[in-house]
Amino acid sequence: MTSSNGHSTSLPKTADIVVLGAGVMGASIAFHLAKRKAGQIVVIDKDHVGRGGSGRSSALIRMHYSFAPEVQLALISLRMFENWQEIVGQPGDFRKTGFVRIVHPHETERLKRNVEMQRKLGAKVDLIDKHQLRELEPDWNVDEVKLAAYEPDSGYGDGAGVAGDFLGAARDMGVTYLSRTQAREFVVESGHVRGVVTDAGVTSSPVVITATGPWTRPLFQQAGHDLAIECEYHQVAILRAAPGMKGGGCACIDSVTATYFRSDGPDKFLVGDFYGKRPTDPDDFPQRASDESLEEIIERACLRVPKLEAAEVMRGVTGVYDMTPDSRPLLGEIPAIDGLYVCAGFSGMGFKISPAIGLVMSELVLDGTGRTLDVSAFRPDRFSIGQPIKAEYEYVDD
């Protein structure tokens, strides 16, 4: 049976690959698998496409990381964001505003080393001093900034839009999508995944890829694997730009104020916080940001952008990050359960690398290894074997 919006309303009894989650990760994985003609692919989501973390994402697009494979994932993704129409078949919503990374003054040397590494990998990034930064962003207070990293080609996008575009293209290639279908547990026999039990029945499949963000840990606990993912509550403020503020400026991650911010169209401004509250329940967190918290975040951002003091708070956005101990994702096959893959733990930084993640996850499944990029450092058991990721020139708040 097919519903009016074109997707099957009954759960297929069998599939070659089941993808759990229709956010930016699950939708990207399904798209890349379908491009490789990987057989019958079924995407299952407990809600609707992009309605979890993806739809609440601040959606920054930037290349600045201290760990080389993350820079590479961001670069592959940037090329896809820039050529969205050609690759995905939709116009996309990538706003190229430029991006600035400001670190603590005592970390300037680390900034230099990271920019050097990023440039070697092909990122378009420059070190700029406070005079150049003031010219670029006259509304910012940059007196204490020794050096900042500036990426002219970066900016922001739209999480729900990216998930929807990927899934739409995947469905055009034959992928089956079931919304409002809850995965309950994995079917595992003799060390191999055999399918998924859902509230709509069982689908048998030799491959299951879990891209369920903050809902990942309980599913794996039932299969006897406790993944190191903790949920963290975050709040973001959307402001109407104050009179006289320059619209459409650079996105920024600022260690000094522990905030990130970006324009939101020509007349709005988004401000977010580095730190959130743990633990939190991804099914039961405040849907409305508290006025006190937003005020506190905005106050810190005002140290960098003083004109925000006169900006009107329009609304708050709340959401949940799926955090790991090293703030980096778990990617790959689960040890001791053949065919069961995890793609989660993005720690609030997943959107900008989601196009590349779908590509490398499809390669892990179909080729047994990441051909485009070696992602073995992100292996899901790295904490239990004592190999957390530690970049050479990490910042204190990485």
# chains A, B, ... in the order shown; residues from 1 in each chain; ligands from 1
>>> residues_around(residues="Lys146 of chain A", least_positions_apart="4", cutoff="7 Å", atoms="only C-alpha atoms", output="JSON, numbers by chain")
{"A": [105, 129, 130]}
>>> residues_around(residues="Ser255 of chain A", least_positions_apart="2", cutoff="6 Å", atoms="only C-alpha atoms", output="list in words")
Val103, His104, Thr257 and Ala258 of chain A
>>> residues_around(residues="Val207 of chain A", least_positions_apart="6", cutoff="10 Å", atoms="only C-alpha atoms", output="list in words")
Ala15, Asp16, Ile17, Val18, Val19, Ile41, His192, Val193, Arg194, Gly195, Val196, Glu333, Asp338, Gly339, Leu340, Tyr341 and Val365 of chain A
>>> write_last_selection(atoms="C-alpha atoms", output="PDB file, in the first residue's frame")
ATOM      1  CA  ALA A  15      15.641  -5.534   2.937  1.00  0.00           C
ATOM      2  CA  ASP A  16      19.258  -5.617   1.847  1.00  0.00           C
ATOM      3  CA  ILE A  17      20.078  -2.672   4.104  1.00  0.00           C
ATOM      4  CA  VAL A  18      18.054  -0.951   6.843  1.00  0.00           C
ATOM      5  CA  VAL A  19      18.971   2.603   7.845  1.00  0.00           C
ATOM      6  CA  ILE A  41      17.260   0.013   1.119  1.00  0.00           C
ATOM      7  CA  HIS A 192      25.376 -11.359  13.055  1.00  0.00           C
ATOM      8  CA  VAL A 193      22.587  -8.815  12.784  1.00  0.00           C
ATOM      9  CA  ARG A 194      19.493 -10.331  11.149  1.00  0.00           C
ATOM     10  CA  GLY A 195      17.113  -7.387  11.164  1.00  0.00           C
ATOM     11  CA  VAL A 196      15.165  -4.907  13.269  1.00  0.00           C
ATOM     12  CA  GLU A 333      30.793  -1.770  12.412  1.00  0.00           C
ATOM     13  CA  ASP A 338      28.641  -8.501  11.856  1.00  0.00           C
ATOM     14  CA  GLY A 339      26.512  -6.208   9.719  1.00  0.00           C
ATOM     15  CA  LEU A 340      25.553  -3.803  12.529  1.00  0.00           C
ATOM     16  CA  TYR A 341      26.915  -0.289  12.010  1.00  0.00           C
ATOM     17  CA  VAL A 365      29.308  -1.151   4.238  1.00  0.00           C
TER      18      VAL A 365
END
>>> residues_around(residues="Gln287 of chain A", least_positions_apart="6", cutoff="8 Å", atoms="only C-alpha atoms", output="VMD selection string")
chain A and resid 317 to 319
>>> residues_around(residues="Leu364 of chain A", least_positions_apart="4", cutoff="12 Å", atoms="only C-alpha atoms", output="ChimeraX atom specification")
/A:29,32-33,207,209,331-334,339-343,357-360,368-376,379
>>> write_last_selection(atoms="C-alpha atoms", output="CSV table (one decimal), in the first residue's frame")
chain,number,residue,atom,x,y,z
A,29,ILE,CA,23.8,7.4,4.0
A,32,HIS,CA,25.0,7.4,-1.2
A,33,LEU,CA,24.0,3.7,-0.9
A,207,VAL,CA,22.9,-5.0,7.3
A,209,ILE,CA,23.0,1.1,10.0
A,331,LEU,CA,31.6,5.4,12.9
A,332,GLY,CA,31.7,1.8,11.8
A,333,GLU,CA,30.8,-1.8,12.4
A,334,ILE,CA,30.1,-2.9,16.0
A,339,GLY,CA,26.5,-6.2,9.7
A,340,LEU,CA,25.6,-3.8,12.5
A,341,TYR,CA,26.9,-0.3,12.0
A,342,VAL,CA,26.7,2.9,14.1
A,343,CYS,CA,26.9,6.5,12.9
A,357,ILE,CA,29.7,10.9,6.3
A,358,GLY,CA,27.0,9.3,4.1
A,359,LEU,CA,29.7,8.7,1.5
A,360,VAL,CA,32.2,7.0,3.8
A,368,GLY,CA,34.7,-2.9,3.9
A,369,THR,CA,36.8,0.3,4.3
A,370,GLY,CA,36.5,4.1,3.7
A,371,ARG,CA,38.0,4.5,0.2
A,372,THR,CA,37.5,8.2,0.0
A,373,LEU,CA,39.0,8.7,3.5
A,374,ASP,CA,40.3,6.5,6.2
A,375,VAL,CA,37.9,6.9,9.1
A,376,SER,CA,39.2,4.1,11.3
A,379,ARG,CA,35.9,3.3,15.4
>>> closest_residue(among="A:His234, A:Lys390, A:Arg51, A:Lys352", to="Thr212 of chain A", atoms="only C-alpha atoms")
A:Arg51
>>> closest_residue(among="A:Asp126, A:Asp284, A:Asp254, A:Glu296", to="Val236 of chain A", atoms="only C-alpha atoms")
A:Glu296
>>> residues_around(residues="Ala237 of chain A", least_positions_apart="4", cutoff="6 Å", atoms="only C-alpha atoms", output="PDB file with N, CA and C atoms, in the first residue's frame")
ATOM      1  N   LEU A 270      21.831  34.665  14.952  1.00  0.00           N
ATOM      2  CA  LEU A 270      21.707  33.470  15.785  1.00  0.00           C
ATOM      3  C   LEU A 270      22.913  33.403  16.717  1.00  0.00           C
ATOM      4  N   VAL A 271      22.660  33.130  17.987  1.00  0.00           N
ATOM      5  CA  VAL A 271      23.744  33.012  18.979  1.00  0.00           C
ATOM      6  C   VAL A 271      23.576  31.715  19.761  1.00  0.00           C
ATOM      7  N   LEU A 294      18.994  32.451  27.767  1.00  0.00           N
ATOM      8  CA  LEU A 294      19.225  33.202  26.528  1.00  0.00           C
ATOM      9  C   LEU A 294      19.906  34.532  26.833  1.00  0.00           C
ATOM     10  N   GLY A 316      13.763  31.348  21.077  1.00  0.00           N
ATOM     11  CA  GLY A 316      14.862  30.447  21.393  1.00  0.00           C
ATOM     12  C   GLY A 316      14.641  29.122  20.684  1.00  0.00           C
TER      13      GLY A 316
END
>>> atom_distance(atom1="atom CA of Leu11 of chain A", atom2="atom CA of Ala160 of chain A")
24.1 Å
